[in-house]
file protein-v3.pdb (PDB, C-alpha atoms and all ligand atoms)
ATOM      1  CA  MET A   1      80.352 114.366  75.954
ATOM      2  CA  PRO A   2      84.148 114.257  76.561
ATOM      3  CA  SER A   3      85.138 112.088  79.503
ATOM      4  CA  LEU A   4      86.223 113.806  82.699
ATOM      5  CA  SER A   5      87.523 110.651  84.341
ATOM      6  CA  ILE A   6      91.243 110.593  85.036
ATOM      7  CA  HIS A   7      93.955 108.642  86.804
ATOM      8  CA  ALA A   8      95.990 111.155  88.791
ATOM      9  CA  GLY A   9      98.357 110.867  91.709
ATOM     10  CA  GLY A  10      97.711 107.126  91.998
ATOM     11  CA  LEU A  11      93.908 107.488  92.194
ATOM     12  CA  ASP A  12      91.066 106.892  89.751
ATOM     13  CA  LEU A  13      88.804 109.940  89.787
ATOM     14  CA  ALA A  14      85.422 110.215  88.044
ATOM     15  CA  ASN A  15      86.183 113.893  87.454
ATOM     16  CA  PRO A  16      89.102 116.216  88.283
ATOM     17  CA  VAL A  17      87.249 118.607  90.635
ATOM     18  CA  LEU A  18      88.045 117.768  94.273
ATOM     19  CA  LEU A  19      87.157 119.122  97.692
ATOM     20  CA  ALA A  20      90.222 120.910  99.140
ATOM     21  CA  ALA A  21      91.404 120.325 102.713
ATOM     22  CA  GLY A  22      89.469 122.618 105.024
ATOM     23  CA  ILE A  23      86.522 123.040 107.279
ATOM     24  CA  LEU A  24      84.117 121.075 105.074
ATOM     25  CA  GLY A  25      86.203 117.936 105.540
ATOM     26  CA  THR A  26      85.848 117.655 109.305
ATOM     27  CA  THR A  27      83.091 115.024 109.301
ATOM     28  CA  GLY A  28      82.149 111.968 107.294
ATOM     29  CA  ALA A  29      78.777 113.585 106.590
ATOM     30  CA  SER A  30      80.308 116.657 104.978
ATOM     31  CA  LEU A  31      82.739 114.530 102.940
ATOM     32  CA  CYS A  32      79.758 112.511 101.659
ATOM     33  CA  ARG A  33      77.814 115.657 100.922
ATOM     34  CA  ALA A  34      80.646 116.979  98.738
ATOM     35  CA  ALA A  35      80.833 113.587  96.978
ATOM     36  CA  ARG A  36      77.062 113.531  96.368
ATOM     37  CA  ALA A  37      77.292 117.090  95.012
ATOM     38  CA  GLY A  38      79.731 115.871  92.347
ATOM     39  CA  ALA A  39      83.267 116.143  93.770
ATOM     40  CA  GLY A  40      85.576 113.607  92.086
ATOM     41  CA  GLY A  41      87.466 113.103  95.375
ATOM     42  CA  VAL A  42      87.500 114.658  98.817
ATOM     43  CA  VAL A  43      90.333 115.815 101.072
ATOM     44  CA  THR A  44      89.737 115.879 104.816
ATOM     45  CA  LYS A  45      90.560 118.658 107.254
ATOM     46  CA  SER A  46      94.151 118.202 108.438
ATOM     47  CA  VAL A  47      94.534 115.894 111.433
ATOM     48  CA  GLY A  48      97.505 115.591 113.773
ATOM     49  CA  SER A  49      98.671 113.333 116.568
ATOM     50  CA  THR A  50      97.019 115.129 119.495
ATOM     51  CA  PRO A  51      93.754 117.065 119.873
ATOM     52  CA  ARG A  52      94.149 120.814 119.210
ATOM     53  CA  GLU A  53      91.687 123.610 119.839
ATOM     54  CA  GLY A  54      93.340 125.916 117.333
ATOM     55  CA  HIS A  55      94.122 129.612 117.596
ATOM     56  CA  PRO A  56      92.025 132.053 119.623
ATOM     57  CA  GLY A  57      89.347 133.919 117.637
ATOM     58  CA  PRO A  58      88.680 135.692 115.450
ATOM     59  CA  CYS A  59      89.945 132.854 113.261
ATOM     60  CA  ILE A  60      88.550 133.951 109.931
ATOM     61  CA  VAL A  61      87.855 137.295 108.280
ATOM     62  CA  ALA A  62      86.638 138.257 104.803
ATOM     63  CA  VAL A  63      89.068 140.578 103.020
ATOM     64  CA  GLN A  64      89.128 142.016  99.528
ATOM     65  CA  GLY A  65      89.557 139.099  97.128
ATOM     66  CA  GLY A  66      89.137 136.264  99.579
ATOM     67  CA  LEU A  67      89.323 134.981 103.126
ATOM     68  CA  LEU A  68      92.040 135.301 105.725
ATOM     69  CA  ASN A  69      92.133 132.401 108.188
ATOM     70  CA  ALA A  70      94.194 131.436 111.190
ATOM     71  CA  MET A  71      92.310 128.361 112.329
ATOM     72  CA  GLY A  72      95.440 126.892 113.922
ATOM     73  CA  LEU A  73      94.899 123.305 112.786
ATOM     74  CA  PRO A  74      92.036 122.484 115.188
ATOM     75  CA  ASN A  75      91.314 118.736 115.102
ATOM     76  CA  PRO A  76      90.336 115.838 117.366
ATOM     77  CA  SER A  77      93.597 113.901 116.593
ATOM     78  CA  TYR A  78      93.861 110.948 114.250
ATOM     79  CA  ARG A  79      92.745 108.617 117.050
ATOM     80  CA  HIS A  80      89.226 110.041 116.718
ATOM     81  CA  PHE A  81      89.103 110.483 112.973
ATOM     82  CA  GLN A  82      89.063 107.040 111.343
ATOM     83  CA  GLU A  83      85.275 106.775 111.545
ATOM     84  CA  GLU A  84      84.890 110.072 109.655
ATOM     85  CA  ILE A  85      87.178 108.807 106.889
ATOM     86  CA  ASP A  86      85.295 105.491 106.749
ATOM     87  CA  ALA A  87      81.976 107.303 106.460
ATOM     88  CA  GLY A  88      83.405 109.482 103.685
ATOM     89  CA  ARG A  89      84.696 106.406 101.826
ATOM     90  CA  ARG A  90      81.212 104.921 101.758
ATOM     91  CA  SER A  91      80.272 107.747  99.343
ATOM     92  CA  GLY A  92      82.249 105.885  96.666
ATOM     93  CA  VAL A  93      84.791 108.637  95.886
ATOM     94  CA  PRO A  94      88.420 108.511  97.059
ATOM     95  CA  VAL A  95      89.052 110.077 100.460
ATOM     96  CA  ILE A  96      92.448 111.714 100.811
ATOM     97  CA  ALA A  97      93.400 112.214 104.464
ATOM     98  CA  SER A  98      95.255 115.465 105.102
ATOM     99  CA  ILE A  99      97.752 114.986 107.934
ATOM    100  CA  PHE A 100     100.266 117.194 109.744
ATOM    101  CA  GLY A 101     103.071 116.660 112.235
ATOM    102  CA  SER A 102     106.165 118.336 113.592
ATOM    103  CA  SER A 103     108.656 115.713 112.386
ATOM    104  CA  PRO A 104     108.966 112.894 109.855
ATOM    105  CA  ALA A 105     108.326 110.374 112.671
ATOM    106  CA  GLU A 106     105.121 112.100 113.761
ATOM    107  CA  PHE A 107     103.796 112.180 110.186
ATOM    108  CA  ALA A 108     104.676 108.494 109.799
ATOM    109  CA  GLN A 109     102.967 107.550 113.061
ATOM    110  CA  ILE A 110      99.694 109.067 111.815
ATOM    111  CA  ALA A 111      99.990 107.542 108.350
ATOM    112  CA  ARG A 112     100.602 104.091 109.873
ATOM    113  CA  ALA A 113      97.457 104.356 111.967
ATOM    114  CA  LEU A 114      94.949 105.763 109.467
ATOM    115  CA  GLN A 115      93.279 103.945 106.578
ATOM    116  CA  ALA A 116      92.532 106.263 103.650
ATOM    117  CA  ASP A 117      92.740 106.132  99.858
ATOM    118  CA  ALA A 118      95.716 108.513  99.899
ATOM    119  CA  PHE A 119      97.471 110.954 102.208
ATOM    120  CA  GLU A 120      97.977 114.655 101.609
ATOM    121  CA  LEU A 121     100.880 115.955 103.693
ATOM    122  CA  ASN A 122     100.226 119.423 105.083
ATOM    123  CA  LEU A 123     103.711 120.905 104.826
ATOM    124  CA  SER A 124     102.321 124.331 104.092
ATOM    125  CA  CYS A 125      99.963 125.799 106.723
ATOM    126  CA  PRO A 126     101.510 129.289 107.175
ATOM    127  CA  HIS A 127     100.385 130.045 110.713
ATOM    128  CA  ALA A 128     100.973 127.102 113.090
ATOM    129  CA  GLU A 129     104.153 127.046 115.153
ATOM    130  CA  LYS A 130     106.283 123.886 114.563
ATOM    131  CA  TYR A 131     103.977 122.660 111.764
ATOM    132  CA  GLY A 132     103.140 123.253 108.118
ATOM    133  CA  SER A 133     105.424 125.678 106.313
ATOM    134  CA  GLU A 134     107.793 125.821 109.300
ATOM    135  CA  LEU A 135     108.904 122.383 108.046
ATOM    136  CA  GLY A 136     107.723 122.563 104.464
ATOM    137  CA  ARG A 137     109.814 125.537 103.431
ATOM    138  CA  TYR A 138     112.972 123.381 103.657
ATOM    139  CA  PRO A 139     113.471 120.954 100.738
ATOM    140  CA  ASP A 140     115.414 118.494 102.931
ATOM    141  CA  MET A 141     112.540 118.345 105.385
ATOM    142  CA  VAL A 142     109.977 117.889 102.581
ATOM    143  CA  GLU A 143     112.070 114.964 101.364
ATOM    144  CA  SER A 144     112.413 113.400 104.834
ATOM    145  CA  VAL A 145     108.729 113.726 105.725
ATOM    146  CA  THR A 146     107.599 112.381 102.345
ATOM    147  CA  GLY A 147     110.044 109.472 102.579
ATOM    148  CA  ALA A 148     108.905 108.620 106.105
ATOM    149  CA  VAL A 149     105.219 108.570 105.110
ATOM    150  CA  LYS A 150     105.987 106.553 101.972
ATOM    151  CA  ALA A 151     107.695 103.944 104.148
ATOM    152  CA  ALA A 152     104.782 103.889 106.606
ATOM    153  CA  ALA A 153     101.824 103.727 104.205
ATOM    154  CA  ASP A 154     101.009 101.718 101.122
ATOM    155  CA  VAL A 155      98.717 104.302  99.512
ATOM    156  CA  PRO A 156      99.613 107.297  97.306
ATOM    157  CA  VAL A 157     101.242 110.246  99.060
ATOM    158  CA  TRP A 158     100.450 113.788  97.906
ATOM    159  CA  VAL A 159     102.473 116.708  99.232
ATOM    160  CA  LYS A 160     100.775 120.086  99.660
ATOM    161  CA  LEU A 161     103.344 122.811  99.061
ATOM    162  CA  THR A 162     103.698 126.307 100.439
ATOM    163  CA  PRO A 163     103.836 129.355  98.151
ATOM    164  CA  ASN A 164     105.610 131.248 100.952
ATOM    165  CA  THR A 165     109.024 130.479  99.518
ATOM    166  CA  ALA A 166     111.391 131.878  96.923
ATOM    167  CA  ASP A 167     111.370 128.667  94.873
ATOM    168  CA  ILE A 168     108.414 126.293  95.019
ATOM    169  CA  LEU A 169     110.011 124.066  92.376
ATOM    170  CA  GLU A 170     112.784 123.075  94.807
ATOM    171  CA  LEU A 171     110.080 121.854  97.210
ATOM    172  CA  GLY A 172     108.296 119.941  94.460
ATOM    173  CA  LEU A 173     111.535 118.299  93.352
ATOM    174  CA  ALA A 174     112.210 117.240  96.958
ATOM    175  CA  ALA A 175     108.760 115.618  97.190
ATOM    176  CA  GLN A 176     109.313 113.864  93.878
ATOM    177  CA  ARG A 177     112.759 112.552  94.942
ATOM    178  CA  ALA A 178     111.179 110.974  98.004
ATOM    179  CA  GLY A 179     108.550 109.156  95.967
ATOM    180  CA  ALA A 180     105.455 111.381  96.226
ATOM    181  CA  SER A 181     102.642 110.421  93.854
ATOM    182  CA  ALA A 182     101.642 114.080  93.346
ATOM    183  CA  VAL A 183     102.212 117.584  94.636
ATOM    184  CA  VAL A 184      99.360 119.915  95.498
ATOM    185  CA  ALA A 185      99.914 123.629  94.866
ATOM    186  CA  ILE A 186      99.245 125.923  96.645
ATOM    187  CA  ASN A 187      98.298 126.389 100.294
ATOM    188  CA  THR A 188      97.428 129.892 101.519
ATOM    189  CA  LEU A 189      99.681 132.949 101.335
ATOM    190  CA  LYS A 190     100.840 134.290 104.701
ATOM    191  CA  ALA A 191      98.931 137.539 105.245
ATOM    192  CA  MET A 192      97.350 139.877 107.802
ATOM    193  CA  ALA A 193      94.660 142.519 108.248
ATOM    194  CA  ILE A 194      94.517 145.396 110.786
ATOM    195  CA  ASP A 195      91.484 147.191 112.224
ATOM    196  CA  ILE A 196      92.284 150.840 111.498
ATOM    197  CA  GLU A 197      89.985 152.182 114.261
ATOM    198  CA  THR A 198      91.915 150.407 117.013
ATOM    199  CA  GLY A 199      95.183 149.316 115.438
ATOM    200  CA  TYR A 200      94.571 145.700 116.468
ATOM    201  CA  PRO A 201      95.507 142.932 114.049
ATOM    202  CA  ILE A 202      92.067 141.428 113.321
ATOM    203  CA  LEU A 203      92.924 137.741 113.637
ATOM    204  CA  GLY A 204      93.463 136.346 117.118
ATOM    205  CA  ASN A 205      96.753 134.891 115.858
ATOM    206  CA  ARG A 206      97.654 138.287 114.295
ATOM    207  CA  PHE A 207      98.537 136.747 110.926
ATOM    208  CA  GLY A 208      97.019 133.940 108.904
ATOM    209  CA  GLY A 209      96.658 132.538 105.388
ATOM    210  CA  LEU A 210      94.957 134.242 102.438
ATOM    211  CA  SER A 211      92.782 132.128 100.120
ATOM    212  CA  GLY A 212      90.295 132.892  97.352
ATOM    213  CA  PRO A 213      90.397 134.739  94.009
ATOM    214  CA  ALA A 214      93.239 137.070  95.113
ATOM    215  CA  ILE A 215      95.724 134.167  95.141
ATOM    216  CA  LYS A 216      94.689 132.489  91.891
ATOM    217  CA  PRO A 217      97.424 134.083  89.725
ATOM    218  CA  VAL A 218     100.045 132.957  92.275
ATOM    219  CA  ALA A 219      98.587 129.445  92.171
ATOM    220  CA  VAL A 220      98.539 129.385  88.359
ATOM    221  CA  ARG A 221     102.188 130.481  88.201
ATOM    222  CA  SER A 222     103.195 127.920  90.840
ATOM    223  CA  VAL A 223     101.401 125.081  89.035
ATOM    224  CA  TYR A 224     103.014 126.176  85.757
ATOM    225  CA  ASP A 225     106.507 126.189  87.309
ATOM    226  CA  LEU A 226     105.996 122.786  88.921
ATOM    227  CA  ALA A 227     104.152 120.968  86.155
ATOM    228  CA  SER A 228     106.570 122.001  83.439
ATOM    229  CA  GLN A 229     109.500 120.491  85.385
ATOM    230  CA  LEU A 230     108.164 117.579  87.459
ATOM    231  CA  GLU A 231     107.392 114.069  86.283
ATOM    232  CA  ILE A 232     104.718 113.530  88.943
ATOM    233  CA  PRO A 233     101.308 115.180  88.550
ATOM    234  CA  VAL A 234     100.411 118.533  90.038
ATOM    235  CA  ILE A 235      97.013 119.133  91.630
ATOM    236  CA  GLY A 236      96.069 122.836  91.356
ATOM    237  CA  VAL A 237      94.379 124.715  94.180
ATOM    238  CA  GLY A 238      94.047 128.378  95.059
ATOM    239  CA  GLY A 239      91.212 130.707  94.140
ATOM    240  CA  ILE A 240      89.288 128.381  91.830
ATOM    241  CA  SER A 241      85.650 129.428  91.807
ATOM    242  CA  SER A 242      84.451 128.801  88.228
ATOM    243  CA  TRP A 243      84.951 126.408  85.321
ATOM    244  CA  GLU A 244      87.015 129.121  83.616
ATOM    245  CA  ASP A 245      89.404 129.089  86.586
ATOM    246  CA  ALA A 246      89.635 125.289  86.365
ATOM    247  CA  VAL A 247      90.423 125.463  82.626
ATOM    248  CA  GLU A 248      93.179 128.015  83.316
ATOM    249  CA  MET A 249      94.686 125.861  86.078
ATOM    250  CA  ILE A 250      94.647 122.762  83.848
ATOM    251  CA  MET A 251      96.252 124.771  81.020
ATOM    252  CA  ALA A 252      98.992 125.675  83.518
ATOM    253  CA  GLY A 253      99.584 121.944  83.930
ATOM    254  CA  ALA A 254      97.268 120.763  86.722
ATOM    255  CA  LYS A 255      95.945 117.201  86.307
ATOM    256  CA  ALA A 256      93.114 117.936  88.748
ATOM    257  CA  VAL A 257      91.932 120.904  90.799
ATOM    258  CA  GLN A 258      90.710 121.427  94.347
ATOM    259  CA  VAL A 259      88.046 123.870  95.484
ATOM    260  CA  GLY A 260      87.979 125.382  98.982
ATOM    261  CA  THR A 261      87.057 129.016  99.619
ATOM    262  CA  ALA A 262      84.518 129.091  96.760
ATOM    263  CA  LEU A 263      82.387 126.596  98.703
ATOM    264  CA  GLN A 264      81.011 129.674 100.429
ATOM    265  CA  GLU A 265      78.542 129.708  97.541
ATOM    266  CA  GLY A 266      77.397 126.145  98.254
ATOM    267  CA  TYR A 267      78.096 122.547  97.292
ATOM    268  CA  GLY A 268      76.619 123.124  93.801
ATOM    269  CA  ILE A 269      80.018 124.491  92.752
ATOM    270  CA  PHE A 270      81.424 121.005  92.050
ATOM    271  CA  GLU A 271      78.821 120.199  89.430
ATOM    272  CA  LYS A 272      78.952 123.711  87.999
ATOM    273  CA  ILE A 273      82.711 123.521  87.454
ATOM    274  CA  ALA A 274      82.656 119.944  86.117
ATOM    275  CA  LEU A 275      79.827 120.676  83.660
ATOM    276  CA  GLY A 276      81.421 123.910  82.467
ATOM    277  CA  LEU A 277      84.718 122.090  81.925
ATOM    278  CA  GLN A 278      82.997 119.318  79.992
ATOM    279  CA  ASN A 279      81.105 121.800  77.764
ATOM    280  CA  TYR A 280      84.336 123.676  77.099
ATOM    281  CA  LEU A 281      86.137 120.474  76.059
ATOM    282  CA  GLU A 282      83.271 119.555  73.750
ATOM    283  CA  ARG A 283      83.162 123.024  72.193
ATOM    284  CA  LYS A 284      86.931 122.947  71.578
ATOM    285  CA  SER A 285      86.971 119.256  70.525
ATOM    286  CA  MET A 286      89.646 118.581  73.136
ATOM    287  CA  THR A 287      90.323 116.018  75.845
ATOM    288  CA  LEU A 288      91.523 116.757  79.361
ATOM    289  CA  GLU A 289      94.900 115.471  78.249
ATOM    290  CA  ASP A 290      95.034 117.983  75.366
ATOM    291  CA  LEU A 291      94.232 120.784  77.796
ATOM    292  CA  CYS A 292      96.736 119.817  80.481
ATOM    293  CA  GLY A 293      99.828 122.008  80.180
ATOM    294  CA  LEU A 294      98.640 123.692  76.967
ATOM    295  CA  ALA A 295     100.194 126.978  78.134
ATOM    296  CA  TRP A 296     103.717 125.478  78.096
ATOM    297  CA  ARG A 297     103.370 124.738  74.407
ATOM    298  CA  MET A 298     102.261 128.261  73.446
ATOM    299  CA  GLN A 299     105.047 130.609  72.292
ATOM    300  CA  HIS A 300     104.587 134.359  71.841
TER     301      HIS A 300
HETATM  302  C1  LIG B   1      94.173 125.528 109.670
HETATM  303  O1  LIG B   1      93.423 124.632 110.058
HETATM  304  O2  LIG B   1      94.781 126.186 110.505
HETATM  305  C2  LIG B   1      94.372 125.797 108.209
HETATM  306  C3  LIG B   1      95.167 124.730 107.588
HETATM  307  C4  LIG B   1      96.151 125.195 106.565
HETATM  308  O3  LIG B   1      96.302 126.388 106.312
HETATM  309  O4  LIG B   1      96.844 124.340 106.018
END

call {"tool": "encode", "arguments": {"input": "protein-v3.pdb", "output": "structure tokens", "more": "lines below"}}
Ligand code: SIN
result
Amino acid sequence: MPSLSIHAGGLDLANPVLLAAGILGTTGASLCRAARAGAGGVVTKSVGSTPREGHPGPCIVAVQGGLLNAMGLPNPSYRHFQEEIDAGRRSGVPVIASIFGSSPAEFAQIARALQADAFELNLSCPHAEKYGSELGRYPDMVESVTGAVKAAADVPVWVKLTPNTADILELGLAAQRAGASAVVAINTLKAMAIDIETGYPILGNRFGGLSGPAIKPVAVRSVYDLASQLEIPVIGVGGISSWEDAVEMIMAGAKAVQVGTALQEGYGIFEKIALGLQNYLERKSMTLEDLCGLAWRMQH
């Protein structure tokens, strides 16, 4: 069978199907469970410098084509998270700690304190005041935050980018200039839903971030734009729920993919995607390297 193991973004991964940052990465036990189920690496829920309860409920609602969430970055703060990362690392797969802050110094403070195999900088949450895309939509800020974390940590730094921008490539170039080991594209699309009986916005925060199959074409286009121009690898995320989706994302130029919303169907999704990808490569007599960025080389 073709090998699925890769070196991407400064990490050795047994396969390119990773757990995306989100609610399943809040505990060491759930990180281990994803690893045991076949994830090649796991990304934690985003942690910040102080405990946060998150936005008032409802925080999540199913909409056509996916989920709309406004969790509001709930977390116990990095001071209470090292043991979860350590437990996750005992599973044997790389643990990538997702972190957020409101300034380069705050990001750096967290990165200095936590031990993980890599950091993923959340510069893209679309619904938390002073955090996420409020910083990450400015290339200069992406560059400053990435540079500050690079100086504070001696592990690879991945930068998760927002699609809520006119030009995601500018953000990717800024991350690359500052020494990022990879960019991750994309976080959720800013969105909302309204209850037509009452007129109330459904989410407690009024608006949130859309994930799931509805955003996959946006993610594929973003990965394509980034991967065809950047020298650092791109990790693709957004609406991947099958091996076919993973193949498409890798053809767009992703070195690895992350799975989030599709975990609604259970942890078995990691193995299902990895096996399907491996069978596809065998059937086509291709390697992962042959597949990566294939779409750039195709001319109509
Ligand atoms: C959240 O916890 O609020 C979601 C994180 C994100 O969208 O980046």

call {"tool": "resolve_selection", "arguments": {"input": "protein-v3.pdb", "expression": "the PyMOL selection byres (((chain A and resi 15-23) around 6) and not hetatm)", "output": "VMD selection string"}}
result
chain A and resid 4 to 5 13 to 14 24 to 26 39 to 45 256 to 260

call {"tool": "residues_around", "arguments": {"input": "protein-v3.pdb", "residues": "range 157-162 of chain A", "least_positions_apart": "5", "cutoff": "9 Å", "atoms": "only C-alpha atoms", "output": "compact mmCIF listing (two decimals) with C-alpha atoms, in the coordinates of the input"}}
result
# COMPACT_ATOMS: atom_id res chain seq x y z
CA GLY A 9 98.36 110.87 91.71
CA GLY A 10 97.71 107.13 92.00
CA ILE A 96 92.45 111.71 100.81
CA ALA A 118 95.72 108.51 99.90
CA PHE A 119 97.47 110.95 102.21
CA GLU A 120 97.98 114.66 101.61
CA LEU A 121 100.88 115.96 103.69
CA ASN A 122 100.23 119.42 105.08
CA LEU A 123 103.71 120.90 104.83
CA SER A 124 102.32 124.33 104.09
CA CYS A 125 99.96 125.80 106.72
CA PRO A 126 101.51 129.29 107.18
CA GLY A 132 103.14 123.25 108.12
CA SER A 133 105.42 125.68 106.31
CA GLY A 136 107.72 122.56 104.46
CA ARG A 137 109.81 125.54 103.43
CA VAL A 142 109.98 117.89 102.58
CA THR A 146 107.60 112.38 102.34
CA VAL A 149 105.22 108.57 105.11
CA LYS A 150 105.99 106.55 101.97
CA ILE A 168 108.41 126.29 95.02
CA LEU A 171 110.08 121.85 97.21
CA GLY A 172 108.30 119.94 94.46
CA ALA A 175 108.76 115.62 97.19
CA GLY A 179 108.55 109.16 95.97
CA ALA A 180 105.46 111.38 96.23
CA SER A 181 102.64 110.42 93.85
CA ALA A 182 101.64 114.08 93.35
CA VAL A 183 102.21 117.58 94.64
CA VAL A 184 99.36 119.92 95.50
CA ALA A 185 99.91 123.63 94.87
CA ILE A 186 99.24 125.92 96.64
CA ASN A 187 98.30 126.39 100.29
CA THR A 188 97.43 129.89 101.52
CA LEU A 189 99.68 132.95 101.34
CA ILE A 235 97.01 119.13 91.63

call {"tool": "resolve_selection", "arguments": {"input": "protein-v3.pdb", "expression": "the PyMOL selection byres (((not hetatm)) within 6 of (chain B and resi 1))", "output": "PyMOL selection string"}}
result
chain A and resi 70-74+124-125

call {"tool": "write_last_selection", "arguments": {"input": "protein-v3.pdb", "atoms": "C-alpha atoms", "output": "compact mmCIF listing (two decimals), keeping the file's coordinate frame"}}
result
# COMPACT_ATOMS: atom_id res chain seq x y z
CA ALA A 70 94.19 131.44 111.19
CA MET A 71 92.31 128.36 112.33
CA GLY A 72 95.44 126.89 113.92
CA LEU A 73 94.90 123.30 112.79
CA PRO A 74 92.04 122.48 115.19
CA SER A 124 102.32 124.33 104.09
CA CYS A 125 99.96 125.80 106.72

call {"tool": "resolve_selection", "arguments": {"input": "protein-v3.pdb", "expression": "the PyMOL selection byres (((chain A and resi 151) around 10) and not hetatm)", "output": "CSV table (one decimal) with C-alpha atoms, in the frame of the given file"}}
result
chain,number,residue,atom,x,y,z
A,108,ALA,CA,104.7,108.5,109.8
A,111,ALA,CA,100.0,107.5,108.4
A,112,ARG,CA,100.6,104.1,109.9
A,145,VAL,CA,108.7,113.7,105.7
A,146,THR,CA,107.6,112.4,102.3
A,147,GLY,CA,110.0,109.5,102.6
A,148,ALA,CA,108.9,108.6,106.1
A,149,VAL,CA,105.2,108.6,105.1
A,150,LYS,CA,106.0,106.6,102.0
A,152,ALA,CA,104.8,103.9,106.6
A,153,ALA,CA,101.8,103.7,104.2
A,154,ASP,CA,101.0,101.7,101.1
A,178,ALA,CA,111.2,111.0,98.0
A,179,GLY,CA,108.6,109.2,96.0

call {"tool": "closest_residue", "arguments": {"input": "protein-v3.pdb", "among": "A:Gly209, A:Gly239, A:Pro156, A:Gly293", "to": "Ala193 in chain A", "atoms": "only C-alpha atoms"}}
result
A:Gly209

call {"tool": "decode", "arguments": {"input": "protein-v3.pdb", "residues": "range 103-117 of chain A", "atoms": "N, CA and C atoms", "output": "mmCIF file, in the first residue's frame"}}
result
data_model
loop_
_atom_site.group_PDB
_atom_site.id
_atom_site.type_symbol
_atom_site.label_atom_id
_atom_site.label_comp_id
_atom_site.auth_asym_id
_atom_site.auth_seq_id
_atom_site.Cartn_x
_atom_site.Cartn_y
_atom_site.Cartn_z
ATOM 1 N N SER A 103 -2.674 40.254 21.550
ATOM 2 C CA SER A 103 -1.495 41.018 21.108
ATOM 3 C C SER A 103 -0.345 40.043 20.883
ATOM 4 N N PRO A 104 0.694 40.467 20.165
ATOM 5 C CA PRO A 104 1.846 39.587 19.991
ATOM 6 C C PRO A 104 2.418 39.154 21.344
ATOM 7 N N ALA A 105 2.474 40.072 22.312
ATOM 8 C CA ALA A 105 3.059 39.739 23.623
ATOM 9 C C ALA A 105 2.233 38.679 24.345
ATOM 10 N N GLU A 106 0.916 38.774 24.234
ATOM 11 C CA GLU A 106 0.071 37.779 24.916
ATOM 12 C C GLU A 106 0.233 36.397 24.272
ATOM 13 N N PHE A 107 0.290 36.350 22.954
ATOM 14 C CA PHE A 107 0.546 35.067 22.276
ATOM 15 C C PHE A 107 1.893 34.498 22.756
ATOM 16 N N ALA A 108 2.907 35.365 22.797
ATOM 17 C CA ALA A 108 4.250 34.895 23.149
ATOM 18 C C ALA A 108 4.300 34.381 24.582
ATOM 19 N N GLN A 109 3.589 35.065 25.467
ATOM 20 C CA GLN A 109 3.553 34.638 26.877
ATOM 21 C C GLN A 109 3.027 33.196 26.987
ATOM 22 N N ILE A 110 1.979 32.894 26.231
ATOM 23 C CA ILE A 110 1.391 31.548 26.286
ATOM 24 C C ILE A 110 2.358 30.531 25.674
ATOM 25 N N ALA A 111 2.935 30.905 24.535
ATOM 26 C CA ALA A 111 3.842 29.966 23.854
ATOM 27 C C ALA A 111 5.077 29.667 24.705
ATOM 28 N N ARG A 112 5.534 30.667 25.477
ATOM 29 C CA ARG A 112 6.697 30.449 26.347
ATOM 30 C C ARG A 112 6.364 29.453 27.457
ATOM 31 N N ALA A 113 5.112 29.472 27.890
ATOM 32 C CA ALA A 113 4.745 28.676 29.066
ATOM 33 C C ALA A 113 4.348 27.240 28.724
ATOM 34 N N LEU A 114 3.837 27.016 27.521
ATOM 35 C CA LEU A 114 3.312 25.681 27.198
ATOM 36 C C LEU A 114 4.344 24.834 26.462
ATOM 37 N N GLN A 115 4.330 23.538 26.769
ATOM 38 C CA GLN A 115 5.158 22.573 26.027
ATOM 39 C C GLN A 115 4.234 21.788 25.117
ATOM 40 N N ALA A 116 4.453 21.902 23.799
ATOM 41 C CA ALA A 116 3.662 21.117 22.841
ATOM 42 C C ALA A 116 4.576 20.791 21.669
ATOM 43 N N ASP A 117 4.092 19.957 20.741
ATOM 44 C CA ASP A 117 4.933 19.606 19.595
ATOM 45 C C ASP A 117 4.965 20.720 18.560
#
